[in-house]
>>> print(open('run01.txt').read())   # compact mmCIF, C-alpha atoms
# COMPACT_ATOMS: atom_id res chain seq x y z
CA MET A 1 82.42 -23.73 69.65
CA GLN A 2 85.75 -22.40 68.45
CA ILE A 3 86.88 -18.93 69.53
CA SER A 4 89.92 -16.91 68.50
CA PHE A 5 91.20 -13.99 70.50
CA THR A 6 94.35 -12.19 71.53
CA LEU A 7 95.38 -13.11 75.06
CA ASN A 8 98.02 -10.86 76.60
CA GLY A 9 99.39 -10.12 73.15
CA ARG A 10 99.33 -13.71 71.86
CA PRO A 11 96.87 -15.00 69.26
CA THR A 12 94.90 -17.82 70.87
CA THR A 13 92.38 -20.24 69.38
CA MET A 14 90.50 -22.79 71.44
CA ASP A 15 87.35 -24.86 71.67
CA VAL A 16 85.01 -23.87 74.47
CA GLU A 17 81.63 -24.82 75.80
CA PRO A 18 79.43 -21.71 75.44
CA ALA A 19 78.42 -22.07 79.10
CA THR A 20 81.96 -21.31 80.26
CA LEU A 21 82.79 -18.17 82.22
CA VAL A 22 85.91 -16.33 81.18
CA ALA A 23 87.19 -16.46 84.79
CA GLU A 24 86.94 -20.27 84.73
CA LEU A 25 88.50 -20.45 81.27
CA LEU A 26 91.48 -18.40 82.41
CA ARG A 27 92.07 -20.21 85.68
CA GLU A 28 91.19 -23.80 84.81
CA GLN A 29 91.98 -24.18 81.12
CA LEU A 30 94.69 -21.58 80.56
CA SER A 31 96.32 -21.83 84.02
CA LEU A 32 96.29 -18.06 84.40
CA THR A 33 95.39 -17.99 88.09
CA GLY A 34 96.26 -14.35 88.67
CA THR A 35 92.63 -13.52 87.91
CA HIS A 36 90.89 -14.24 91.20
CA ILE A 37 87.32 -15.32 91.85
CA GLY A 38 86.11 -13.70 95.05
CA CYS A 39 82.35 -13.53 95.27
CA ASP A 40 81.40 -15.10 91.93
CA THR A 41 78.28 -12.90 92.04
CA SER A 42 79.56 -9.88 90.07
CA GLN A 43 80.05 -7.73 93.15
CA CYS A 44 83.66 -7.90 94.35
CA GLY A 45 85.73 -7.10 91.26
CA ALA A 46 88.63 -9.49 92.04
CA CYS A 47 88.18 -11.01 88.56
CA VAL A 48 88.39 -7.80 86.52
CA VAL A 49 90.21 -8.13 83.18
CA HIS A 50 90.33 -5.84 80.14
CA LEU A 51 88.22 -6.82 77.13
CA ASP A 52 89.16 -4.62 74.17
CA GLY A 53 90.66 -2.17 76.66
CA LEU A 54 87.62 -1.93 78.91
CA PRO A 55 87.39 -3.30 82.45
CA VAL A 56 84.95 -6.20 82.72
CA LYS A 57 84.19 -8.83 85.34
CA SER A 58 85.41 -12.13 83.94
CA CYS A 59 83.08 -14.06 86.27
CA THR A 60 80.17 -12.43 84.46
CA LEU A 61 81.38 -12.89 80.91
CA LEU A 62 80.71 -15.90 78.70
CA ALA A 63 83.60 -17.34 76.72
CA PRO A 64 81.94 -16.69 73.31
CA ALA A 65 82.31 -12.94 74.02
CA LEU A 66 86.06 -13.36 73.60
CA ASP A 67 85.80 -14.30 69.93
CA GLY A 68 87.60 -11.67 67.88
CA ALA A 69 88.48 -9.64 70.97
CA THR A 70 91.64 -8.62 72.77
CA LEU A 71 91.93 -9.79 76.37
CA LEU A 72 94.41 -8.48 78.91
CA THR A 73 94.74 -10.20 82.28
CA ILE A 74 96.89 -9.32 85.28
CA GLU A 75 99.58 -11.60 83.85
CA GLY A 76 99.81 -9.34 80.82
CA LEU A 77 100.26 -6.16 82.85
CA GLN A 78 103.90 -5.12 82.64
CA GLY A 79 106.28 -2.19 82.67
CA ALA A 80 108.24 -0.93 79.70
CA PRO A 81 108.57 -3.77 77.14
CA GLY A 82 111.72 -5.82 77.68
CA SER A 83 112.50 -4.09 80.99
CA ASN A 84 111.26 -6.84 83.31
CA LEU A 85 109.84 -4.04 85.45
CA MET A 86 106.44 -3.98 87.10
CA HIS A 87 103.73 -1.82 85.58
CA PRO A 88 103.76 1.69 87.11
CA MET A 89 100.42 0.93 88.78
CA GLN A 90 101.80 -2.27 90.34
CA GLU A 91 104.89 -0.36 91.48
CA ALA A 92 102.66 2.31 93.07
CA PHE A 93 100.68 -0.35 94.97
CA ARG A 94 103.97 -1.81 96.29
CA GLU A 95 105.37 1.58 97.21
CA HIS A 96 102.24 2.85 98.96
CA HIS A 97 101.14 -0.38 100.65
CA GLY A 98 98.04 -0.63 98.48
CA LEU A 99 97.51 -4.25 99.50
CA GLN A 100 97.54 -6.45 102.54
CA CYS A 101 96.41 -10.02 101.82
CA GLY A 102 96.50 -9.31 98.08
CA PHE A 103 93.41 -11.24 97.08
CA CYS A 104 91.60 -8.26 95.60
CA THR A 105 94.77 -6.75 94.12
CA PRO A 106 94.64 -8.17 90.56
CA GLY A 107 91.16 -6.73 90.11
CA MET A 108 92.10 -3.47 91.80
CA LEU A 109 95.07 -3.08 89.44
CA MET A 110 93.09 -3.84 86.30
CA THR A 111 90.33 -1.42 87.31
CA ALA A 112 92.88 1.21 88.30
CA VAL A 113 94.79 0.99 85.02
CA ALA A 114 91.58 1.28 83.00
CA LEU A 115 90.54 4.26 85.11
CA ALA A 116 93.88 6.02 84.61
CA VAL A 117 93.77 5.40 80.85
CA GLU A 118 90.19 6.67 80.58
CA LYS A 119 90.79 9.82 82.60
CA PRO A 120 94.35 11.14 82.62
CA ASN A 121 93.84 13.69 85.42
CA LEU A 122 92.19 11.65 88.14
CA THR A 123 90.88 13.30 91.27
CA GLU A 124 90.49 11.43 94.53
CA ALA A 125 86.71 11.52 94.01
CA ASP A 126 87.16 9.93 90.55
CA VAL A 127 89.24 7.15 92.08
CA ARG A 128 86.75 6.43 94.85
CA HIS A 129 83.85 6.42 92.35
CA GLY A 130 85.90 4.33 89.91
CA LEU A 131 86.76 1.68 92.51
CA GLU A 132 83.12 1.25 93.45
CA GLY A 133 83.03 -2.24 91.97
CA ASN A 134 86.14 -3.52 93.72
CA ILE A 135 85.90 -4.72 97.28
CA CYS A 136 88.86 -4.97 99.67
CA ARG A 137 88.39 -6.51 103.12
CA CYS A 138 91.82 -5.51 104.48
CA THR A 139 92.98 -2.01 103.73
CA GLY A 140 90.02 0.29 104.35
CA TYR A 141 90.82 1.59 100.83
CA GLN A 142 92.90 4.55 102.00
CA ASN A 143 96.21 3.23 100.70
CA ILE A 144 94.59 1.82 97.59
CA VAL A 145 93.30 5.29 96.70
CA ILE A 146 96.74 6.78 97.38
CA SER A 147 98.33 4.04 95.24
CA VAL A 148 95.96 4.60 92.32
CA MET A 149 96.60 8.35 92.37
CA ALA A 150 100.37 7.72 92.41
CA GLY A 151 100.16 4.99 89.77
CA ALA A 152 98.07 7.19 87.48
CA ALA A 153 100.59 10.02 87.87
CA ALA A 154 103.42 7.61 87.06
CA MET A 155 101.56 6.37 83.96
CA ASN A 156 101.12 9.96 82.81
CA ALA A 157 104.79 10.69 83.42
CA ALA A 158 105.83 7.56 81.48
CA LYS A 159 103.58 8.60 78.61
CA GLY A 160 105.24 12.02 78.45
CA GLU A 161 108.73 10.60 78.18
CA MET B 1 75.48 -23.15 84.71
CA LYS B 2 73.69 -25.78 82.71
CA PRO B 3 74.89 -26.14 79.10
CA PHE B 4 73.14 -24.18 76.35
CA SER B 5 73.59 -23.69 72.63
CA TYR B 6 74.86 -20.30 71.56
CA HIS B 7 73.69 -18.33 68.56
CA GLN B 8 75.16 -15.12 67.20
CA PRO B 9 72.87 -13.94 64.40
CA ASP B 10 73.90 -10.91 62.37
CA GLN B 11 70.40 -9.94 61.22
CA ILE B 12 67.49 -8.89 63.45
CA PRO B 13 64.93 -11.16 61.68
CA ASP B 14 67.27 -14.14 62.25
CA ALA B 15 67.50 -13.27 65.94
CA ALA B 16 63.72 -13.01 66.20
CA ARG B 17 63.30 -16.33 64.37
CA LEU B 18 65.73 -18.12 66.71
CA LEU B 19 64.02 -16.63 69.73
CA THR B 20 60.60 -17.86 68.68
CA SER B 21 61.68 -21.22 67.21
CA ILE B 22 63.69 -22.45 70.22
CA GLU B 23 61.34 -22.77 73.17
CA ASP B 24 62.54 -20.99 76.34
CA SER B 25 65.55 -19.49 74.57
CA LYS B 26 66.75 -16.14 75.89
CA LEU B 27 68.30 -13.06 74.37
CA VAL B 28 71.64 -12.00 75.81
CA ALA B 29 72.78 -8.40 75.42
CA GLY B 30 75.47 -7.37 77.93
CA GLY B 31 74.57 -10.25 80.21
CA MET B 32 74.89 -8.26 83.43
CA THR B 33 71.61 -9.65 84.75
CA LEU B 34 71.24 -12.81 82.66
CA ILE B 35 74.65 -14.34 83.45
CA PRO B 36 74.25 -14.07 87.25
CA THR B 37 70.73 -15.52 86.80
CA LEU B 38 72.14 -18.49 84.85
CA LYS B 39 74.88 -18.99 87.43
CA GLN B 40 72.30 -19.20 90.19
CA ARG B 41 70.27 -21.58 88.02
CA LEU B 42 67.25 -19.33 88.33
CA ALA B 43 66.95 -19.79 84.58
CA ASN B 44 68.11 -22.73 82.45
CA PRO B 45 67.49 -21.75 78.84
CA PRO B 46 68.40 -24.36 76.22
CA ALA B 47 69.76 -21.63 73.93
CA LEU B 48 71.07 -18.09 74.12
CA VAL B 49 70.67 -15.68 71.24
CA ASP B 50 73.50 -13.16 71.47
CA LEU B 51 72.73 -9.72 70.02
CA SER B 52 76.33 -8.49 69.93
CA LYS B 53 76.85 -9.14 66.21
CA LEU B 54 73.91 -6.90 65.27
CA GLY B 55 75.88 -3.77 64.45
CA SER B 56 72.76 -1.73 63.73
CA LEU B 57 71.80 -1.94 67.42
CA LYS B 58 74.83 0.04 68.57
CA GLY B 59 75.42 3.76 68.65
CA ILE B 60 73.80 7.09 69.41
CA THR B 61 72.23 9.33 66.77
CA ASP B 62 71.19 12.96 66.88
CA GLY B 63 67.68 13.53 65.58
CA GLY B 64 67.53 17.22 66.48
CA ALA B 65 64.61 17.22 68.92
CA THR B 66 65.41 13.61 69.85
CA ILE B 67 68.36 11.38 70.66
CA THR B 68 68.18 7.73 69.61
CA ILE B 69 70.29 5.22 71.50
CA GLY B 70 70.77 1.77 69.99
CA ALA B 71 69.67 -1.06 72.26
CA MET B 72 73.15 -2.63 72.44
CA THR B 73 74.86 0.63 73.45
CA PRO B 74 76.70 0.10 76.75
CA HIS B 75 76.12 2.40 79.72
CA ALA B 76 79.73 3.66 79.61
CA VAL B 77 79.24 4.86 76.02
CA VAL B 78 76.06 6.77 76.93
CA ALA B 79 77.77 8.26 80.00
CA ALA B 80 80.74 9.44 77.91
CA SER B 81 78.73 10.58 74.86
CA LYS B 82 79.36 14.25 74.08
CA LEU B 83 75.98 14.36 72.33
CA VAL B 84 74.05 13.04 75.34
CA GLN B 85 76.08 15.19 77.73
CA ALA B 86 75.29 18.30 75.66
CA LYS B 87 71.58 17.67 75.00
CA THR B 88 70.41 15.66 78.02
CA PRO B 89 73.13 15.74 80.68
CA GLY B 90 70.74 14.17 83.20
CA LEU B 91 70.59 10.99 81.09
CA ALA B 92 74.40 10.83 80.74
CA ALA B 93 74.62 11.29 84.53
CA LEU B 94 72.13 8.45 85.08
CA ALA B 95 74.21 6.13 82.87
CA SER B 96 77.36 7.05 84.80
CA MET B 97 75.71 5.98 88.07
CA ILE B 98 74.69 2.46 86.99
CA GLY B 99 76.55 -0.34 88.79
CA ASP B 100 80.30 0.12 88.56
CA PRO B 101 82.78 0.67 85.71
CA ALA B 102 82.94 -3.03 84.77
CA VAL B 103 79.14 -3.28 84.65
CA ARG B 104 78.99 -0.09 82.57
CA SER B 105 81.46 -1.59 80.05
CA ARG B 106 79.11 -4.47 79.26
CA GLY B 107 75.57 -3.60 80.38
CA THR B 108 73.30 -2.17 77.68
CA ILE B 109 70.32 0.17 77.64
CA GLY B 110 68.19 -2.35 75.75
CA GLY B 111 68.97 -5.09 78.24
CA SER B 112 68.17 -2.87 81.20
CA VAL B 113 64.88 -1.66 79.73
CA ALA B 114 63.79 -5.13 78.58
CA ASN B 115 64.56 -6.64 81.99
CA ASN B 116 62.65 -3.88 83.84
CA ASP B 117 64.22 -4.61 87.20
CA PRO B 118 62.20 -2.66 89.80
CA ALA B 119 65.42 -1.01 91.04
CA ALA B 120 67.18 -0.41 87.71
CA ASP B 121 68.11 3.15 86.75
CA TYR B 122 67.25 3.32 83.05
CA PRO B 123 63.49 2.74 83.43
CA ALA B 124 63.35 6.00 85.44
CA GLY B 125 65.11 7.88 82.63
CA VAL B 126 63.00 6.27 79.91
CA LEU B 127 59.70 6.95 81.69
CA GLY B 128 60.81 10.34 83.04
CA LEU B 129 61.72 11.57 79.57
CA GLY B 130 58.66 9.98 77.98
CA ALA B 131 60.88 8.05 75.57
CA THR B 132 59.75 5.69 72.82
CA ILE B 133 60.88 2.07 72.82
CA VAL B 134 61.60 1.01 69.23
CA THR B 135 61.37 -2.74 68.66
CA SER B 136 61.78 -5.13 65.75
CA VAL B 137 58.04 -4.81 65.02
CA ARG B 138 56.68 -1.52 66.40
CA GLU B 139 57.17 1.54 68.59
CA ILE B 140 55.92 1.63 72.19
CA ALA B 141 55.52 4.73 74.37
CA ALA B 142 57.27 4.46 77.74
CA ASP B 143 53.94 5.10 79.49
CA LYS B 144 52.62 1.86 77.99
CA PHE B 145 55.82 -0.18 78.19
CA PHE B 146 56.59 -0.80 81.85
CA LEU B 147 53.94 -3.10 83.32
CA GLY B 148 55.34 -3.82 86.79
CA LEU B 149 57.78 -6.26 88.34
CA PHE B 150 60.08 -7.44 85.50
CA GLU B 151 57.12 -7.14 83.13
CA THR B 152 56.99 -5.14 79.93
CA ALA B 153 54.75 -4.77 76.90
CA LEU B 154 57.20 -6.84 74.82
CA VAL B 155 55.64 -9.93 73.23
CA PRO B 156 57.53 -13.19 72.60
CA GLY B 157 60.02 -12.80 69.77
CA GLU B 158 60.00 -9.00 69.95
CA ILE B 159 63.42 -7.38 70.24
CA ILE B 160 64.17 -3.83 71.37
CA THR B 161 66.32 -2.15 68.72
CA ALA B 162 66.61 1.40 70.11
CA ILE B 163 65.23 3.92 72.58
CA ARG B 164 64.28 7.36 71.24
CA PHE B 165 64.42 10.15 73.82
CA PRO B 166 62.86 13.58 73.33
CA VAL B 167 65.31 16.31 74.31
CA PRO B 168 64.00 18.13 77.41
CA LEU B 169 64.58 21.72 78.48
CA LYS B 170 66.15 20.38 81.67
CA ALA B 171 66.50 16.98 83.28
CA GLY B 172 68.17 15.47 86.32
CA TYR B 173 68.51 12.17 88.15
CA ALA B 174 69.28 11.44 91.78
CA LYS B 175 69.49 8.09 93.47
CA PHE B 176 70.03 6.67 96.90
CA LYS B 177 72.03 3.52 96.31
CA ALA B 178 71.87 0.20 98.08
CA PRO B 179 75.54 0.13 99.05
CA ALA B 180 76.34 -3.48 98.07
CA SER B 181 74.44 -3.84 94.82
CA ARG B 182 74.50 -0.16 93.79
CA TYR B 183 70.93 -0.58 92.59
CA ALA B 184 68.57 2.27 93.42
CA LEU B 185 66.95 2.00 96.83
CA VAL B 186 65.11 4.98 95.40
CA GLY B 187 65.96 6.86 92.22
CA VAL B 188 64.05 9.84 90.83
CA PHE B 189 64.30 11.26 87.32
CA VAL B 190 62.76 14.67 86.60
CA ALA B 191 62.42 16.20 83.14
CA LYS B 192 61.10 19.62 82.21
CA PHE B 193 59.52 20.08 78.79
CA ALA B 194 57.79 23.09 77.25
CA ASP B 195 54.42 21.47 78.02
CA GLY B 196 55.12 20.29 81.57
CA VAL B 197 57.27 18.25 83.90
CA ARG B 198 57.56 14.46 84.23
CA VAL B 199 58.74 12.72 87.40
CA ALA B 200 59.57 9.00 87.39
CA VAL B 201 60.55 6.91 90.40
CA THR B 202 62.50 3.64 90.41
CA GLY B 203 63.47 1.36 93.29
CA ALA B 204 60.57 2.35 95.54
CA GLY B 205 57.91 -0.07 94.33
CA SER B 206 57.37 -3.12 92.16
CA GLY B 207 58.14 -1.11 89.05
CA VAL B 208 58.91 2.39 87.82
CA PHE B 209 56.04 4.90 88.27
CA ARG B 210 55.22 8.58 87.81
CA VAL B 211 54.22 11.02 90.55
CA PRO B 212 51.47 13.34 89.24
CA PRO B 213 51.36 15.68 92.30
CA MET B 214 55.08 16.37 91.95
CA GLU B 215 54.69 16.85 88.20
CA ALA B 216 51.95 19.43 88.76
CA ALA B 217 53.91 21.27 91.43
CA LEU B 218 57.10 21.35 89.34
CA SER B 219 55.21 22.41 86.21
CA SER B 220 54.22 25.65 87.93
CA ASN B 221 57.50 26.11 89.82
CA PHE B 222 60.55 24.11 88.74
CA ASP B 223 62.42 24.37 92.03
CA PRO B 224 63.31 21.83 94.75
CA SER B 225 61.08 23.68 97.20
CA ALA B 226 58.02 22.86 95.06
CA VAL B 227 58.21 19.16 95.98
CA ALA B 228 59.63 19.49 99.52
CA ALA B 229 56.22 19.08 101.17
CA ILE B 230 54.92 16.35 98.86
CA LYS B 231 55.20 12.87 100.37
CA ILE B 232 53.92 9.94 98.36
CA ASP B 233 51.59 7.31 99.76
CA THR B 234 53.35 4.21 101.14
CA ASP B 235 50.69 1.92 99.59
CA GLY B 236 52.40 -0.33 97.07
CA LEU B 237 55.92 0.67 98.09
CA THR B 238 58.48 -2.02 98.85
CA SER B 239 59.48 -2.97 102.39
CA ASP B 240 62.54 -5.19 102.71
CA ILE B 241 65.73 -5.58 104.71
CA HIS B 242 67.18 -2.50 103.02
CA ALA B 243 64.38 -0.06 103.79
CA GLU B 244 60.79 0.11 105.04
CA ALA B 245 58.10 1.55 102.75
CA ASP B 246 57.89 4.68 104.90
CA TYR B 247 61.61 5.34 104.50
CA ARG B 248 61.36 4.78 100.76
CA ALA B 249 58.48 7.28 100.59
CA HIS B 250 60.66 9.78 102.46
CA LEU B 251 63.53 9.14 100.03
CA VAL B 252 61.29 9.78 97.02
CA THR B 253 60.80 13.37 98.24
CA VAL B 254 64.49 13.82 99.05
CA MET B 255 65.66 12.36 95.73
CA ALA B 256 63.08 14.41 93.82
CA LYS B 257 64.50 17.58 95.37
CA ARG B 258 68.04 16.50 94.51
CA ALA B 259 67.04 15.56 90.95
CA VAL B 260 65.55 19.04 90.42
CA ASP B 261 68.71 20.51 91.89
CA ALA B 262 70.79 18.44 89.48
CA ALA B 263 68.60 19.53 86.56
CA LEU B 264 69.09 23.18 87.48
CA SER B 265 72.86 22.98 88.00
>>> encode(input="run01.txt", output="structure tokens")
Amino acid sequence: MQISFTLNGRPTTMDVEPATLVAELLREQLSLTGTHIGCDTSQCGACVVHLDGLPVKSCTLLAPALDGATLLTIEGLQGAPGSNLMHPMQEAFREHHGLQCGFCTPGMLMTAVALAVEKPNLTEADVRHGLEGNICRCTGYQNIVISVMAGAAAMNAAKGE
Amino acid sequence: MKPFSYHQPDQIPDAARLLTSIEDSKLVAGGMTLIPTLKQRLANPPALVDLSKLGSLKGITDGGATITIGAMTPHAVVAASKLVQAKTPGLAALASMIGDPAVRSRGTIGGSVANNDPAADYPAGVLGLGATIVTSVREIAADKFFLGLFETALVPGEIITAIRFPVPLKAGYAKFKAPASRYALVGVFVAKFADGVRVAVTGAGSGVFRVPPMEAALSSNFDPSAVAAIKIDTDGLTSDIHAEADYRAHLVTVMAKRAVDAALS
């Protein structure tokens, strides 16, 4: 079947088998390998992308769901347009050592950005509850939580400018 | 996944017709249970009938003494609904505890109720509030809807269109989560109405069930202390690697107390 959607700002039309997962479509057909597949059982969150602005697990999403939608992947996350800067949330993860091996990081970032957009004044409890669906085997989460708090604050500050 | 054909009807009768005319076809709502099931090849339907183009199945409406939630309304929308938060905060709280944010973006109330997973959260809210399941052909009372492990009163070709919840005086939900899946090891929903209290338990057995002794105790005294000494029988409760039946029975009492606490706060 043919689907049309906006992928990281670009209109995209393609033919897909309905039994295709969005995570596979991104990695194998569109060569966007920033979206990681960790568990492939909907538990780990490494494959989180934004579908119409909401965080979803791309390993548990069928390609037909993209038709008419707007999809943002980790490759589309960026700082101020034209600046070549990292997104404030990415910058916060770098600054606060919010990653070690980095495998879970794309999903962490996408979940964190959605969380910060949904709730401008995040508490630590909100962050811990909000990251429930993202598993990290390295960091013990402490620096990830610190990074998300800092990244959310930076996103708020950028919004106010 | 094995290949399947994909249908996106925009009318409920068309969806029902597809479902009955293609043998072994399945409805897909948010897909949070169905897609993992397909990936594990536990089901290999030849066709999926996607309900996402049926606009009439989405949204929350205020009926005064009731709230009606369209079957395709995602958990995140129920959790964030000002209407649900104002009239039945316990139900909004339940929705906010399902899975994780990504699951709540996609998963729907109709899908959860139709699947009737023994550890899902919504069946506790639906049975605890004595809701009505509205389908493409009739209305079914919650007390007659949930028939045990993954079984419901739905007949082939019948599609849930909405759930209608009576607005309680107070309601609360508490659950003890299995840490990896975030399903309820035990979840208890309590709801106080003018004519009595309803208590519904999920996660503990093969399907959601009510606890009449707790309902009687809470009807005369709606306080956590009223259920503190009531322990349910372990007969019929689940024992697995996560918890023995005896522990689940213990958790029912603890979660019931917490749910009453939540309802009162």
>>> residues_near_point(input="run01.txt", point="(69.1, 5.6, 73.6)", cutoff="8 Å", atoms="all atoms listed in the file", output="number ranges by chain")
B: 60, 67-71, 73, 78, 109, 162-165
>>> atom_distance(input="run01.txt", atom1="CA of Asp10 in chain B", atom2="CA of Ile160 in chain B")
15.0 Å
>>> interface_residues(input="run01.txt", of="chain A", to="chain B", cutoff="12 Å", atoms="only C-alpha atoms", output="count of residues only")
59
>>> closest_residue(input="run01.txt", among="B:Leu264, B:Ala229, B:Leu18, B:Val137", to="Lys192 in chain B", atoms="all atoms listed in the file")
B:Leu264
>>> closest_residue(input="run01.txt", among="A:Thr6, A:Val148, A:Phe93, A:Met14", to="Thr73 in chain A", atoms="all atoms listed in the file")
A:Thr6
>>> atom_distance(input="run01.txt", atom1="CA of Glu151 in chain B", atom2="CA of Val208 in chain B")
10.8 Å
>>> residues_near_point(input="run01.txt", point="(92.1, -12.6, 90.5)", cutoff="7 Å", atoms="all atoms listed in the file", output="list of chain:residue names")
A:Thr33, A:Gly34, A:Thr35, A:His36, A:Ile37, A:Ala46, A:Cys47, A:Phe103, A:Cys104, A:Pro106, A:Gly107
>>> atom_distance(input="run01.txt", atom1="CA of Gly111 in chain B", atom2="CA of Ala29 in chain B")
5.8 Å
>>> build_atoms(input="run01.txt", residues="range 94-107 of chain B", atoms="N, CA and C atoms", output="CSV table (one decimal), in the frame of the given file")
chain,number,residue,atom,x,y,z
B,94,LEU,N,72.8,9.7,84.7
B,94,LEU,CA,72.1,8.4,85.1
B,94,LEU,C,73.0,7.3,84.6
B,95,ALA,N,73.4,7.3,83.4
B,95,ALA,CA,74.2,6.1,82.9
B,95,ALA,C,75.5,6.0,83.6
B,96,SER,N,76.1,7.1,84.1
B,96,SER,CA,77.4,7.0,84.8
B,96,SER,C,77.2,6.5,86.2
B,97,MET,N,76.0,6.4,86.7
B,97,MET,CA,75.7,6.0,88.1
B,97,MET,C,75.3,4.5,88.1
B,98,ILE,N,75.1,3.9,87.0
B,98,ILE,CA,74.7,2.5,87.0
B,98,ILE,C,75.8,1.6,87.4
B,99,GLY,N,75.6,0.7,88.4
B,99,GLY,CA,76.6,-0.3,88.8
B,99,GLY,C,77.9,0.2,89.1
B,100,ASP,N,78.9,-0.3,88.4
B,100,ASP,CA,80.3,0.1,88.6
B,100,ASP,C,80.9,0.1,87.2
B,101,PRO,N,82.2,0.5,87.1
B,101,PRO,CA,82.8,0.7,85.7
B,101,PRO,C,82.7,-0.6,84.9
B,102,ALA,N,82.9,-1.8,85.5
B,102,ALA,CA,82.9,-3.0,84.8
B,102,ALA,C,81.5,-3.4,84.3
B,103,VAL,N,80.5,-3.1,85.1
B,103,VAL,CA,79.1,-3.3,84.6
B,103,VAL,C,78.8,-2.3,83.5
B,104,ARG,N,79.3,-1.1,83.6
B,104,ARG,CA,79.0,-0.1,82.6
B,104,ARG,C,79.7,-0.4,81.2
B,105,SER,N,80.8,-1.2,81.3
B,105,SER,CA,81.5,-1.6,80.0
B,105,SER,C,80.6,-2.5,79.2
B,106,ARG,N,79.8,-3.4,79.9
B,106,ARG,CA,79.1,-4.5,79.3
B,106,ARG,C,77.6,-4.2,79.2
B,107,GLY,N,77.0,-3.7,80.3
B,107,GLY,CA,75.6,-3.6,80.4
B,107,GLY,C,75.0,-2.7,79.3
